[in-house]
$ cat entry_1.cif   # mmCIF, C-alpha atoms (C1' of nucleotides)
data_structure
#
loop_
_atom_site.label_atom_id
_atom_site.label_comp_id
_atom_site.auth_asym_id
_atom_site.auth_seq_id
_atom_site.Cartn_x
_atom_site.Cartn_y
_atom_site.Cartn_z
CA MET A 147 26.86 -20.02 -4.29
CA SER A 148 26.71 -17.23 -6.86
CA PRO A 149 25.70 -13.72 -5.74
CA ASP A 150 22.64 -14.12 -7.92
CA ALA A 151 21.50 -17.22 -6.09
CA VAL A 152 22.23 -15.55 -2.76
CA LEU A 153 20.09 -12.62 -3.81
CA ASN A 154 17.25 -14.98 -4.67
CA THR A 155 17.51 -16.57 -1.25
CA ALA A 156 17.52 -13.18 0.44
CA MET A 157 14.58 -11.87 -1.56
CA THR A 158 12.52 -14.94 -0.77
CA ALA A 159 13.38 -14.80 2.91
CA TYR A 160 12.52 -11.09 3.16
CA TRP A 161 9.35 -11.69 1.21
CA HIS A 162 8.03 -14.69 3.12
CA SER A 163 8.58 -13.24 6.56
CA ASP A 164 9.50 -9.55 6.89
CA PRO A 165 12.66 -7.64 6.01
CA ALA A 166 12.98 -6.41 9.61
CA ASP A 167 12.83 -9.97 10.96
CA VAL A 168 15.52 -11.49 8.74
CA SER A 169 19.10 -10.83 9.81
CA VAL A 170 22.17 -10.88 7.63
CA ASN A 171 23.37 -13.82 9.69
CA ALA A 172 20.22 -15.78 8.91
CA ILE A 173 20.54 -15.11 5.20
CA CYS A 174 24.15 -16.28 5.18
CA GLN A 175 23.07 -19.47 6.91
CA MET A 176 20.19 -20.07 4.48
CA ALA A 177 22.39 -19.38 1.46
CA GLY A 178 25.27 -21.43 2.85
CA ILE A 179 27.83 -18.66 2.52
CA SER A 180 29.95 -16.65 4.92
CA LYS A 181 29.28 -13.12 6.03
CA PRO A 182 32.43 -11.60 4.47
CA SER A 183 31.43 -13.16 1.18
CA LEU A 184 27.99 -11.57 1.38
CA TYR A 185 29.48 -8.22 2.33
CA ARG A 186 31.92 -8.39 -0.57
CA SER A 187 28.99 -8.94 -2.94
CA PHE A 188 26.55 -6.38 -1.56
CA GLY A 189 28.58 -3.95 0.54
CA SER A 190 26.14 -3.64 3.41
CA GLU A 191 22.76 -4.76 4.61
CA ASP A 192 21.34 -1.70 2.90
CA GLY A 193 22.90 -2.84 -0.36
CA LEU A 194 21.40 -6.28 0.02
CA THR A 195 17.88 -5.11 0.81
CA CYS A 196 18.09 -2.63 -2.04
CA ALA A 197 19.19 -5.35 -4.46
CA ALA A 198 16.42 -7.58 -3.16
CA VAL A 199 13.67 -5.04 -3.75
CA ASP A 200 15.15 -4.27 -7.15
CA ARG A 201 14.99 -7.89 -8.15
CA TYR A 202 11.47 -8.12 -6.76
CA ALA A 203 10.41 -5.19 -8.90
CA ASP A 204 11.90 -6.82 -11.99
CA GLN A 205 10.44 -10.20 -11.25
CA VAL A 206 7.03 -9.56 -9.70
CA LEU A 207 5.91 -5.95 -9.90
CA SER A 208 6.58 -5.93 -13.62
CA ASP A 209 3.69 -8.36 -13.97
CA VAL A 210 1.34 -5.87 -12.34
CA PHE A 211 2.64 -3.15 -14.60
CA ALA A 212 1.96 -5.43 -17.56
CA LEU A 213 -1.63 -5.83 -16.36
CA LEU A 214 -2.07 -2.07 -16.38
CA THR A 215 -0.62 -1.56 -19.85
CA GLY A 216 -2.58 -4.51 -21.29
CA ASP A 217 -5.35 -3.92 -23.75
CA LYS A 218 -8.19 -4.95 -21.44
CA ASP A 219 -11.01 -2.51 -20.77
CA MET A 220 -11.65 -0.92 -17.38
CA PRO A 221 -13.67 -3.68 -15.72
CA GLY A 222 -11.38 -6.32 -17.19
CA THR A 223 -8.26 -4.70 -15.83
CA LEU A 224 -9.82 -4.13 -12.42
CA ARG A 225 -10.86 -7.78 -12.36
CA ALA A 226 -7.31 -8.80 -13.23
CA LEU A 227 -5.99 -6.62 -10.41
CA VAL A 228 -8.41 -8.20 -7.96
CA ASP A 229 -7.46 -11.66 -9.18
CA PHE A 230 -3.80 -10.89 -8.70
CA ALA A 231 -4.12 -9.38 -5.24
CA SER A 232 -6.57 -11.88 -3.81
CA ASP A 233 -5.72 -15.14 -5.55
CA ASP A 234 -2.20 -15.17 -6.96
CA PRO A 235 -0.36 -17.82 -4.94
CA ARG A 236 2.79 -15.69 -4.99
CA MET A 237 0.98 -13.14 -2.85
CA GLU A 238 0.06 -15.66 -0.16
CA THR A 239 2.61 -14.13 2.20
CA GLY A 240 2.01 -10.58 1.05
CA CYS A 241 4.03 -8.28 -1.15
CA LEU A 242 7.68 -7.63 -0.40
CA PHE A 243 7.50 -4.12 -1.74
CA TYR A 244 4.60 -3.07 0.47
CA LYS A 245 6.17 -4.78 3.45
CA MET A 246 9.28 -2.70 2.89
CA ARG A 247 7.26 0.44 2.33
CA ALA A 248 5.41 -0.14 5.60
CA GLY A 249 8.69 -0.54 7.50
CA LYS A 250 10.61 2.02 5.51
CA HIS A 251 12.06 3.73 8.57
CA ARG A 252 13.88 0.55 9.50
CA LEU A 253 15.71 0.33 6.18
CA GLY A 254 18.89 1.96 4.98
CA PRO A 255 18.99 5.15 2.89
CA GLN A 256 19.70 3.36 -0.39
CA THR A 257 16.76 1.04 0.00
CA ARG A 258 14.50 3.84 1.16
CA LYS A 259 15.30 5.82 -1.94
CA ARG A 260 14.56 2.83 -4.16
CA ILE A 261 11.25 2.28 -2.35
CA ASP A 262 10.27 5.86 -3.05
CA GLU A 263 11.22 5.52 -6.70
CA ILE A 264 9.25 2.33 -7.16
CA ASP A 265 6.30 3.86 -5.33
CA ALA A 266 6.34 6.85 -7.65
CA ALA A 267 6.62 4.57 -10.68
CA ALA A 268 3.66 2.52 -9.49
CA LEU A 269 1.59 5.64 -8.98
CA ALA A 270 2.52 6.83 -12.46
CA GLY A 271 1.56 3.44 -13.86
CA PHE A 272 -1.87 3.58 -12.24
CA ALA A 273 -2.31 7.16 -13.44
CA ALA A 274 -1.36 6.26 -17.01
CA PHE A 275 -3.83 3.39 -16.93
CA LEU A 276 -6.67 5.59 -15.66
CA GLN A 277 -5.85 8.31 -18.17
CA ALA A 278 -5.97 5.76 -20.98
CA ARG A 279 -9.32 4.43 -19.75
CA ARG A 280 -10.67 7.95 -19.52
CA ASP A 281 -9.46 8.74 -23.02
CA ALA A 282 -11.01 5.50 -24.25
CA GLY A 283 -14.28 6.63 -22.73
CA ASP A 284 -14.93 3.72 -20.38
CA TRP A 285 -14.30 5.67 -17.20
CA SER A 286 -16.05 8.91 -16.51
CA GLY A 287 -17.09 10.81 -13.45
CA PRO A 288 -15.79 13.63 -11.27
CA MET A 289 -12.80 11.76 -9.86
CA SER A 290 -9.41 13.08 -10.96
CA VAL A 291 -6.85 10.77 -12.50
CA GLU A 292 -4.39 11.62 -9.75
CA GLN A 293 -6.76 10.81 -6.93
CA GLY A 294 -7.94 7.68 -8.69
CA ALA A 295 -4.37 6.51 -9.09
CA ARG A 296 -3.56 7.09 -5.46
CA TYR A 297 -6.76 5.36 -4.38
CA LEU A 298 -6.08 2.38 -6.59
CA SER A 299 -2.52 2.15 -5.38
CA GLU A 300 -3.51 2.26 -1.72
CA GLN A 301 -6.30 -0.26 -2.12
CA VAL A 302 -3.95 -2.69 -3.85
CA ALA A 303 -1.47 -2.17 -1.02
CA LEU A 304 -4.21 -2.80 1.52
CA ALA A 305 -5.36 -6.00 -0.16
CA LEU A 306 -1.81 -7.35 -0.41
CA THR A 307 -1.14 -6.47 3.22
CA GLN A 308 -4.30 -8.31 4.18
CA ARG A 309 -3.12 -11.35 2.25
CA GLY A 310 0.17 -11.17 4.11
CA SER A 311 -1.59 -11.03 7.45
CA GLY A 312 -3.33 -14.30 6.71
CA MET A 313 -6.79 -13.02 5.85
CA ASP A 314 -8.90 -15.45 3.86
CA PRO A 315 -8.40 -14.76 0.12
CA ALA A 316 -12.15 -14.78 -0.51
CA THR A 317 -12.60 -12.09 2.13
CA VAL A 318 -9.78 -10.04 0.63
CA ARG A 319 -11.45 -10.36 -2.76
CA GLY A 320 -14.82 -9.23 -1.41
CA LEU A 321 -13.35 -6.19 0.32
CA MET A 322 -11.27 -5.22 -2.68
CA GLU A 323 -14.18 -5.56 -5.10
CA LEU A 324 -16.17 -3.31 -2.81
CA ALA A 325 -13.36 -0.75 -2.68
CA LEU A 326 -12.89 -0.76 -6.45
CA SER A 327 -16.61 -0.46 -7.07
CA VAL A 328 -16.15 3.31 -6.83
CA PHE A 329 -14.70 3.14 -10.34
CA ARG A 330 -17.98 1.94 -11.83
CA MET B 184 7.41 7.86 39.29
CA SER B 185 4.17 5.95 39.77
CA PRO B 186 3.46 2.90 37.60
CA ASP B 187 0.57 4.85 36.15
CA ALA B 188 2.82 7.67 34.98
CA VAL B 189 5.31 5.14 33.63
CA LEU B 190 2.52 3.51 31.66
CA ASN B 191 1.57 6.86 30.21
CA THR B 192 5.14 7.45 29.14
CA ALA B 193 5.34 4.00 27.57
CA MET B 194 2.03 4.34 25.75
CA THR B 195 3.01 7.70 24.32
CA ALA B 196 6.42 6.43 23.24
CA TYR B 197 4.95 3.34 21.57
CA TRP B 198 2.30 5.46 19.95
CA HIS B 199 4.49 8.23 18.57
CA SER B 200 7.11 5.97 17.07
CA ASP B 201 6.40 2.24 16.86
CA PRO B 202 6.19 -0.46 19.52
CA ALA B 203 8.90 -2.47 17.77
CA ASP B 204 11.28 0.48 17.82
CA VAL B 205 10.99 1.37 21.50
CA SER B 206 13.03 -0.78 23.85
CA VAL B 207 12.40 -1.38 27.51
CA ASN B 208 15.69 0.39 28.18
CA ALA B 209 14.51 3.48 26.33
CA ILE B 210 11.25 3.59 28.26
CA CYS B 211 13.07 3.33 31.57
CA GLN B 212 15.28 6.22 30.53
CA MET B 213 12.32 8.36 29.43
CA ALA B 214 10.37 7.61 32.57
CA GLY B 215 13.41 8.10 34.79
CA ILE B 216 13.11 4.75 36.49
CA SER B 217 15.22 1.62 36.67
CA LYS B 218 14.60 -1.59 34.81
CA PRO B 219 13.95 -3.74 37.89
CA SER B 220 11.36 -1.22 38.96
CA LEU B 221 9.61 -1.45 35.62
CA TYR B 222 9.76 -5.23 35.70
CA ARG B 223 8.31 -5.29 39.20
CA SER B 224 5.36 -3.23 37.96
CA PHE B 225 4.65 -4.97 34.68
CA GLY B 226 6.35 -8.36 34.86
CA SER B 227 7.70 -8.41 31.33
CA GLU B 228 7.84 -6.44 28.13
CA ASP B 229 4.74 -8.30 27.06
CA GLY B 230 2.98 -7.12 30.21
CA LEU B 231 3.98 -3.54 29.52
CA THR B 232 2.86 -3.50 25.89
CA CYS B 233 -0.37 -5.18 26.89
CA ALA B 234 -1.02 -2.59 29.59
CA ALA B 235 -0.18 0.15 27.10
CA VAL B 236 -2.68 -1.02 24.51
CA ASP B 237 -5.27 -1.52 27.23
CA ARG B 238 -4.85 2.04 28.36
CA TYR B 239 -4.96 3.22 24.76
CA ALA B 240 -8.24 1.41 24.22
CA ASP B 241 -9.72 3.03 27.33
CA GLN B 242 -8.43 6.45 26.48
CA VAL B 243 -8.66 6.77 22.70
CA LEU B 244 -10.54 3.95 21.05
CA SER B 245 -13.47 4.51 23.40
CA ASP B 246 -14.00 7.85 21.63
CA VAL B 247 -14.41 6.06 18.30
CA PHE B 248 -16.81 3.63 19.88
CA ALA B 249 -18.77 6.57 21.22
CA LEU B 250 -18.98 7.98 17.70
CA LEU B 251 -20.53 4.75 16.49
CA THR B 252 -23.11 4.53 19.24
CA GLY B 253 -24.01 8.20 18.94
CA ASP B 254 -27.38 9.21 17.61
CA LYS B 255 -26.14 10.68 14.34
CA ASP B 256 -27.51 9.30 11.09
CA MET B 257 -25.47 7.35 8.56
CA PRO B 258 -23.84 10.24 6.67
CA GLY B 259 -23.26 12.14 9.90
CA THR B 260 -21.48 9.23 11.54
CA LEU B 261 -19.38 8.52 8.46
CA ARG B 262 -18.43 12.18 8.36
CA ALA B 263 -17.44 12.04 12.02
CA LEU B 264 -15.32 8.96 11.32
CA VAL B 265 -13.60 10.72 8.44
CA ASP B 266 -13.03 13.79 10.59
CA PHE B 267 -11.50 11.67 13.29
CA ALA B 268 -9.21 9.66 11.04
CA SER B 269 -8.04 12.49 8.84
CA ASP B 270 -8.00 15.51 11.14
CA ASP B 271 -7.84 14.59 14.80
CA PRO B 272 -4.48 15.88 16.00
CA ARG B 273 -4.06 12.83 18.23
CA MET B 274 -3.86 10.71 15.10
CA GLU B 275 -1.02 12.71 13.62
CA THR B 276 1.41 9.91 14.30
CA GLY B 277 -1.06 7.15 13.54
CA CYS B 278 -2.98 4.82 15.79
CA LEU B 279 -1.18 2.74 18.40
CA PHE B 280 -3.66 -0.08 18.09
CA TYR B 281 -3.27 -0.46 14.35
CA LYS B 282 0.49 -0.14 14.62
CA MET B 283 0.46 -3.02 17.08
CA ARG B 284 -1.93 -5.02 14.92
CA ALA B 285 0.34 -4.54 11.91
CA GLY B 286 3.37 -5.77 13.88
CA LYS B 287 1.49 -8.38 15.89
CA HIS B 288 4.04 -11.10 15.25
CA ARG B 289 6.69 -9.09 17.08
CA LEU B 290 4.63 -8.80 20.27
CA GLY B 291 4.24 -11.20 23.18
CA PRO B 292 1.35 -13.64 23.55
CA GLN B 293 -0.52 -11.57 26.14
CA THR B 294 -0.48 -8.49 23.96
CA ARG B 295 -1.37 -10.46 20.85
CA LYS B 296 -4.42 -11.85 22.59
CA ARG B 297 -5.52 -8.38 23.67
CA ILE B 298 -5.06 -7.09 20.14
CA ASP B 299 -7.32 -9.83 18.83
CA GLU B 300 -9.94 -9.06 21.47
CA ILE B 301 -9.93 -5.35 20.71
CA ASP B 302 -10.06 -6.07 17.00
CA ALA B 303 -13.09 -8.30 17.47
CA ALA B 304 -14.75 -5.67 19.65
CA ALA B 305 -14.14 -2.99 17.03
CA LEU B 306 -15.61 -5.19 14.33
CA ALA B 307 -18.63 -5.84 16.52
CA GLY B 308 -18.98 -2.11 17.13
CA PHE B 309 -18.95 -1.36 13.42
CA ALA B 310 -21.43 -4.17 12.82
CA ALA B 311 -23.79 -2.92 15.52
CA PHE B 312 -23.63 0.55 14.03
CA LEU B 313 -24.43 -0.71 10.53
CA GLN B 314 -27.23 -2.92 11.80
CA ALA B 315 -28.77 0.05 13.61
CA ARG B 316 -28.51 2.19 10.48
CA ARG B 317 -30.10 -0.58 8.44
CA ASP B 318 -32.91 -0.94 10.95
CA ALA B 319 -33.38 2.82 10.94
CA GLY B 320 -33.74 2.62 7.18
CA ASP B 321 -30.96 5.00 6.18
CA TRP B 322 -28.71 2.32 4.77
CA SER B 323 -29.95 -0.17 2.22
CA GLY B 324 -28.42 -2.19 -0.55
CA PRO B 325 -27.10 -5.68 -1.11
CA MET B 326 -24.06 -5.35 1.17
CA SER B 327 -24.17 -7.53 4.28
CA VAL B 328 -23.69 -6.02 7.72
CA GLU B 329 -20.69 -8.29 8.32
CA GLN B 330 -18.93 -7.32 5.14
CA GLY B 331 -19.74 -3.66 5.66
CA ALA B 332 -18.30 -3.80 9.17
CA ARG B 333 -15.10 -5.43 7.98
CA TYR B 334 -14.79 -2.95 5.14
CA LEU B 335 -15.34 0.00 7.43
CA SER B 336 -12.85 -1.33 9.93
CA GLU B 337 -10.17 -1.90 7.31
CA GLN B 338 -10.67 1.49 5.70
CA VAL B 339 -10.36 3.23 9.06
CA ALA B 340 -7.19 1.24 9.70
CA LEU B 341 -5.84 2.23 6.31
CA ALA B 342 -6.56 5.91 6.84
CA LEU B 343 -4.93 5.91 10.28
CA THR B 344 -1.91 4.07 8.92
CA GLN B 345 -1.63 6.67 6.18
CA ARG B 346 -1.73 9.42 8.79
CA GLY B 347 1.05 7.66 10.66
CA SER B 348 3.17 7.45 7.54
CA GLY B 349 3.03 11.20 7.13
CA MET B 350 0.54 11.47 4.32
CA ASP B 351 -1.10 14.87 4.00
CA PRO B 352 -4.34 14.90 6.05
CA ALA B 353 -6.30 16.41 3.16
CA THR B 354 -5.19 13.54 0.94
CA VAL B 355 -6.13 11.00 3.59
CA ARG B 356 -9.54 12.63 3.85
CA GLY B 357 -10.09 12.52 0.09
CA LEU B 358 -9.15 8.86 -0.15
CA MET B 359 -11.27 7.89 2.83
CA GLU B 360 -14.31 9.78 1.58
CA LEU B 361 -13.92 7.95 -1.70
CA ALA B 362 -13.66 4.60 0.06
CA LEU B 363 -16.69 5.26 2.25
CA SER B 364 -18.76 6.48 -0.67
CA VAL B 365 -19.72 2.85 -1.24
CA PHE B 366 -22.12 3.24 1.71
CA ARG B 367 -24.21 5.81 -0.14
"C1'" DA C 236 56.01 -24.48 -11.91
"C1'" DA C 237 56.18 -20.34 -8.98
"C1'" DT C 238 53.93 -16.27 -7.50
"C1'" DT C 239 50.30 -13.26 -6.89
"C1'" DT C 240 45.57 -12.36 -6.30
"C1'" DT C 241 41.11 -13.46 -5.20
"C1'" DT C 242 38.01 -16.27 -2.49
"C1'" DG C 243 36.26 -18.39 1.64
"C1'" DA C 244 35.65 -19.46 6.57
"C1'" DT C 245 36.59 -18.68 11.53
"C1'" DA C 246 36.44 -15.79 14.96
"C1'" DC C 247 36.23 -11.47 16.76
"C1'" DT C 248 34.56 -6.28 17.87
"C1'" DG C 249 31.50 -3.14 19.94
"C1'" DG C 250 26.81 -2.49 20.76
"C1'" DT C 251 21.87 -3.37 22.06
"C1'" DC C 252 18.49 -6.38 23.45
"C1'" DG C 253 15.29 -8.49 27.41
"C1'" DG C 254 15.75 -9.87 31.88
"C1'" DT C 255 17.91 -10.42 36.71
"C1'" DA C 256 21.13 -10.85 40.87
"C1'" DT C 257 23.10 -8.13 44.23
"C1'" DC C 258 23.07 -4.73 47.38
"C1'" DA C 259 22.29 0.04 49.38
"C1'" DA C 260 18.90 3.38 50.76
"C1'" DT C 261 14.51 4.29 52.69
"C1'" DG C 262 10.45 4.14 55.23
"C1'" DG C 263 6.80 2.40 58.37
"C1'" DG C 264 5.51 -0.61 62.67
"C1'" DG C 265 7.06 -2.31 67.03
"C1'" DC D 10 15.18 3.77 68.60
"C1'" DC D 11 15.47 -0.43 66.16
"C1'" DC D 12 14.16 -3.85 62.95
"C1'" DC D 13 12.21 -5.50 58.92
"C1'" DA D 14 10.27 -5.13 54.48
"C1'" DT D 15 9.89 -2.90 50.33
"C1'" DT D 16 12.03 0.04 46.92
"C1'" DG D 17 15.52 1.58 43.84
"C1'" DA D 18 19.97 1.64 41.32
"C1'" DT D 19 24.19 -0.56 39.51
"C1'" DA D 20 26.05 -3.92 37.23
"C1'" DC D 21 25.76 -7.96 35.15
"C1'" DC D 22 23.95 -12.22 32.10
"C1'" DG D 23 23.58 -14.62 27.67
"C1'" DA D 24 21.84 -13.89 23.11
"C1'" DC D 25 21.85 -11.63 18.93
"C1'" DC D 26 22.96 -7.86 15.91
"C1'" DA D 27 25.87 -5.53 11.76
"C1'" DG D 28 30.21 -5.41 10.28
"C1'" DT D 29 35.42 -6.78 9.94
"C1'" DA D 30 40.31 -8.54 10.76
"C1'" DT D 31 42.92 -12.46 10.10
"C1'" DC D 32 44.38 -16.15 7.75
"C1'" DA D 33 44.17 -20.40 4.84
"C1'" DA D 34 42.90 -22.44 0.47
"C1'" DA D 35 42.26 -22.05 -4.24
"C1'" DA D 36 42.63 -19.97 -8.66
"C1'" DA D 37 44.56 -17.22 -12.03
"C1'" DT D 38 48.64 -15.06 -13.99
"C1'" DT D 39 53.34 -15.00 -15.29
#
$ encode --input "entry_1.cif" --output "structure tokens"
Amino acid sequence: MSPDAVLNTAMTAYWHSDPADVSVNAICQMAGISKPSLYRSFGSEDGLTCAAVDRYADQVLSDVFALLTGDKDMPGTLRALVDFASDDPRMETGCLFYKMRAGKHRLGPQTRKRIDEIDAAALAGFAAFLQARRDAGDWSGPMSVEQGARYLSEQVALALTQRGSGMDPATVRGLMELALSVFR
Amino acid sequence: MSPDAVLNTAMTAYWHSDPADVSVNAICQMAGISKPSLYRSFGSEDGLTCAAVDRYADQVLSDVFALLTGDKDMPGTLRALVDFASDDPRMETGCLFYKMRAGKHRLGPQTRKRIDEIDAAALAGFAAFLQARRDAGDWSGPMSVEQGARYLSEQVALALTQRGSGMDPATVRGLMELALSVFR
DNA sequence: AATTTTTGATACTGGTCGGTATCAATGGGG
DNA sequence: CCCCATTGATACCGACCAGTATCAAAAATT
């Protein structure tokens, strides 16, 4: 079992349940490797969780970033965001990143730092998107770009958390559309 | 140490950190009692957490319910809700109920059931409030009472979770006012 | 082909968890 | 004053945790 495959197993396990509920022992069992082997690859549990969230960012969050930097207009992008959060089958069990962010205090220092970095990058991504829409003239109003970005970020987090808690996707969609209606 | 005082200690400990991060051992130490004594009073950890959330509902959530059944008009009540979520010093470390709801899968069956009951009651409270405001004529629009209640409930939960994660109260207030602006 | 180095698995450490058996102290009713 | 019942504390149980020492097999180097 290559370290890469082990990392995939770990990421999926963390993602589908909760990082705090998946032990190193369990991951070794799932991946079919021994603990010393895992520790030689990743150094510590902190190293593993950090690598897992890194891979998640590369593999999943990049898609969201691509949505934001696409050439759609404001309503189109918001619709794409809603589609992603409420209907993408990958989000059926929630978002690994927001799960980790919610339980940040239970993670190691490395992983915590990475979480903060990704969070800041996401916020910057939302802000860049809003700034572009404002420049393009299809978003006006008194709301600042910074507040809009934070609001957008938190509402996406909320919707993905709701998905993860088992809420009906249609309900998630309705609530999120309502929340994002402040941008119209 | 009376069981009542022990329960207060437990509720506060759960509230100020996180139910999943406070062990029975730690509570015994804080309360200055022995484990068998605690188990004779509450039966199990599940019994203790259930009693804690019960007490929290009686002592804290009842205030929110009172807000909703008060005689203020729509904007006044929403303002009171925002004040509570973003400025009440008791909410500095978040809301015990929403912390438990977020980590429901880690709790015992008794407590889980109580969480669901309280959640349903809260939703009903929000719905009754919105229905009354609609009847009184100071809330109109296409939004259904049910969806409005769910939205309100989730936005309050989000704001309180943000408080608990250390977000600046002024920021929480700004985001929540934005979210609740859909009711105007 | 012989030796060295890297890999893997077993089994262990010390610690914490929820929960309990055992037993001493205490306190009220006869 | 004595007995009995309830209370409390100590010490323990088995399970699981993150992390590691030990040692055998395999692979790479000489």
$ resolve_selection --input "entry_1.cif" --expression "the PyMOL selection byres ((chain A and resi 299) around 10)" --output "ChimeraX atom specification"
/A:265,268-273,293-298,300-304
$ resolve_selection --input "entry_1.cif" --expression "the PyMOL selection byres ((chain A) within 9 of (chain D))" --output "VMD selection string"
chain A and resid 169 to 171 181 to 182 185 190 to 191
$ closest_atom_pairs --input "entry_1.cif" --of "chain C" --to "chain A" --cutoff "10 Å" --atoms "only C-alpha atoms (C1' of nucleotides)" --output "Markdown table"
| residue | atom | partner | partner_atom | distance |
| --- | --- | --- | --- | --- |
| C:DT242 | C1' | A:Ser183 | CA | 8.2 |
| C:DG243 | C1' | A:Ser183 | CA | 7.1 |
| C:DA244 | C1' | A:Ser180 | CA | 6.6 |
| C:DT245 | C1' | A:Ser180 | CA | 9.6 |
$ resolve_selection --input "entry_1.cif" --expression "the PyMOL selection byres ((chain B) within 7 of (chain A))" --output "list in words"
Tyr334, Leu358, Ala362 and Val365 of chain B
$ atom_distance --input "entry_1.cif" --atom1 "atom CA of Asp164 of chain A" --atom2 "atom CA of Leu242 of chain A"
7.8 Å
$ atom_distance --input "entry_1.cif" --atom1 "atom CA of Met246 of chain A" --atom2 "atom CA of Tyr281 of chain B"
17.1 Å
$ atom_distance --input "entry_1.cif" --atom1 "atom CA of Asp299 of chain B" --atom2 "atom CA of Gly253 of chain B"
24.6 Å
$ closest_residue --input "entry_1.cif" --among "A:Thr223, A:Thr155, A:Gln256, A:Ser148" --to "Ala172 of chain A" --atoms "only C-alpha atoms"
A:Thr155
$ residues_around --input "entry_1.cif" --residues "Arg297 of chain B" --least-positions-apart "5" --cutoff "12 Å" --atoms "all atoms listed in the file" --output "PDB file with C-alpha atoms, in the frame of the given file"
ATOM      1  CA  ASP B 229       4.740  -8.300  27.060  1.00  0.00           C
ATOM      2  CA  GLY B 230       2.980  -7.120  30.210  1.00  0.00           C
ATOM      3  CA  THR B 232       2.860  -3.500  25.890  1.00  0.00           C
ATOM      4  CA  CYS B 233      -0.370  -5.180  26.890  1.00  0.00           C
ATOM      5  CA  ALA B 234      -1.020  -2.590  29.590  1.00  0.00           C
ATOM      6  CA  ALA B 235      -0.180   0.150  27.100  1.00  0.00           C
ATOM      7  CA  VAL B 236      -2.680  -1.020  24.510  1.00  0.00           C
ATOM      8  CA  ASP B 237      -5.270  -1.520  27.230  1.00  0.00           C
ATOM      9  CA  ARG B 238      -4.850   2.040  28.360  1.00  0.00           C
ATOM     10  CA  TYR B 239      -4.960   3.220  24.760  1.00  0.00           C
ATOM     11  CA  ALA B 240      -8.240   1.410  24.220  1.00  0.00           C
ATOM     12  CA  PHE B 280      -3.660  -0.080  18.090  1.00  0.00           C
ATOM     13  CA  MET B 283       0.460  -3.020  17.080  1.00  0.00           C
ATOM     14  CA  ARG B 284      -1.930  -5.020  14.920  1.00  0.00           C
ATOM     15  CA  LYS B 287       1.490  -8.380  15.890  1.00  0.00           C
ATOM     16  CA  LEU B 290       4.630  -8.800  20.270  1.00  0.00           C
ATOM     17  CA  GLY B 291       4.240 -11.200  23.180  1.00  0.00           C
ATOM     18  CA  PRO B 292       1.350 -13.640  23.550  1.00  0.00           C
ATOM     19  CA  ASP B 302     -10.060  -6.070  17.000  1.00  0.00           C
ATOM     20  CA  ALA B 303     -13.090  -8.300  17.470  1.00  0.00           C
ATOM     21  CA  ALA B 304     -14.750  -5.670  19.650  1.00  0.00           C
TER      22      ALA B 304
END
$ decode --input "entry_1.cif" --residues "segment 230-240 of chain A" --atoms "N, CA and C atoms" --output "PDB file, in the first residue's frame"
ATOM      1  N   PHE A 230     -23.647  23.235  -6.011  1.00  0.00           N
ATOM      2  CA  PHE A 230     -22.560  22.465  -5.413  1.00  0.00           C
ATOM      3  C   PHE A 230     -22.892  22.084  -3.970  1.00  0.00           C
ATOM      4  N   ALA A 231     -23.275  23.080  -3.183  1.00  0.00           N
ATOM      5  CA  ALA A 231     -23.458  22.814  -1.755  1.00  0.00           C
ATOM      6  C   ALA A 231     -24.663  21.914  -1.491  1.00  0.00           C
ATOM      7  N   SER A 232     -25.712  22.063  -2.279  1.00  0.00           N
ATOM      8  CA  SER A 232     -26.930  21.329  -1.925  1.00  0.00           C
ATOM      9  C   SER A 232     -27.123  20.054  -2.736  1.00  0.00           C
ATOM     10  N   ASP A 233     -26.438  19.915  -3.853  1.00  0.00           N
ATOM     11  CA  ASP A 233     -26.713  18.740  -4.681  1.00  0.00           C
ATOM     12  C   ASP A 233     -25.509  17.891  -5.051  1.00  0.00           C
ATOM     13  N   ASP A 234     -24.306  18.416  -4.953  1.00  0.00           N
ATOM     14  CA  ASP A 234     -23.161  17.607  -5.351  1.00  0.00           C
ATOM     15  C   ASP A 234     -23.089  16.356  -4.476  1.00  0.00           C
ATOM     16  N   PRO A 235     -23.072  15.182  -5.111  1.00  0.00           N
ATOM     17  CA  PRO A 235     -23.084  13.942  -4.334  1.00  0.00           C
ATOM     18  C   PRO A 235     -21.853  13.804  -3.431  1.00  0.00           C
ATOM     19  N   ARG A 236     -20.757  14.466  -3.824  1.00  0.00           N
ATOM     20  CA  ARG A 236     -19.570  14.384  -2.960  1.00  0.00           C
ATOM     21  C   ARG A 236     -19.807  15.036  -1.607  1.00  0.00           C
ATOM     22  N   MET A 237     -20.762  15.949  -1.553  1.00  0.00           N
ATOM     23  CA  MET A 237     -21.004  16.671  -0.300  1.00  0.00           C
ATOM     24  C   MET A 237     -22.087  16.021   0.556  1.00  0.00           C
ATOM     25  N   GLU A 238     -22.469  14.807   0.175  1.00  0.00           N
ATOM     26  CA  GLU A 238     -23.534  14.116   0.910  1.00  0.00           C
ATOM     27  C   GLU A 238     -23.195  13.980   2.392  1.00  0.00           C
ATOM     28  N   THR A 239     -21.936  13.738   2.685  1.00  0.00           N
ATOM     29  CA  THR A 239     -21.539  13.569   4.089  1.00  0.00           C
ATOM     30  C   THR A 239     -20.836  14.819   4.613  1.00  0.00           C
ATOM     31  N   GLY A 240     -21.083  15.938   3.959  1.00  0.00           N
ATOM     32  CA  GLY A 240     -20.493  17.188   4.422  1.00  0.00           C
ATOM     33  C   GLY A 240     -19.135  17.457   3.801  1.00  0.00           C
TER      34      GLY A 240
END
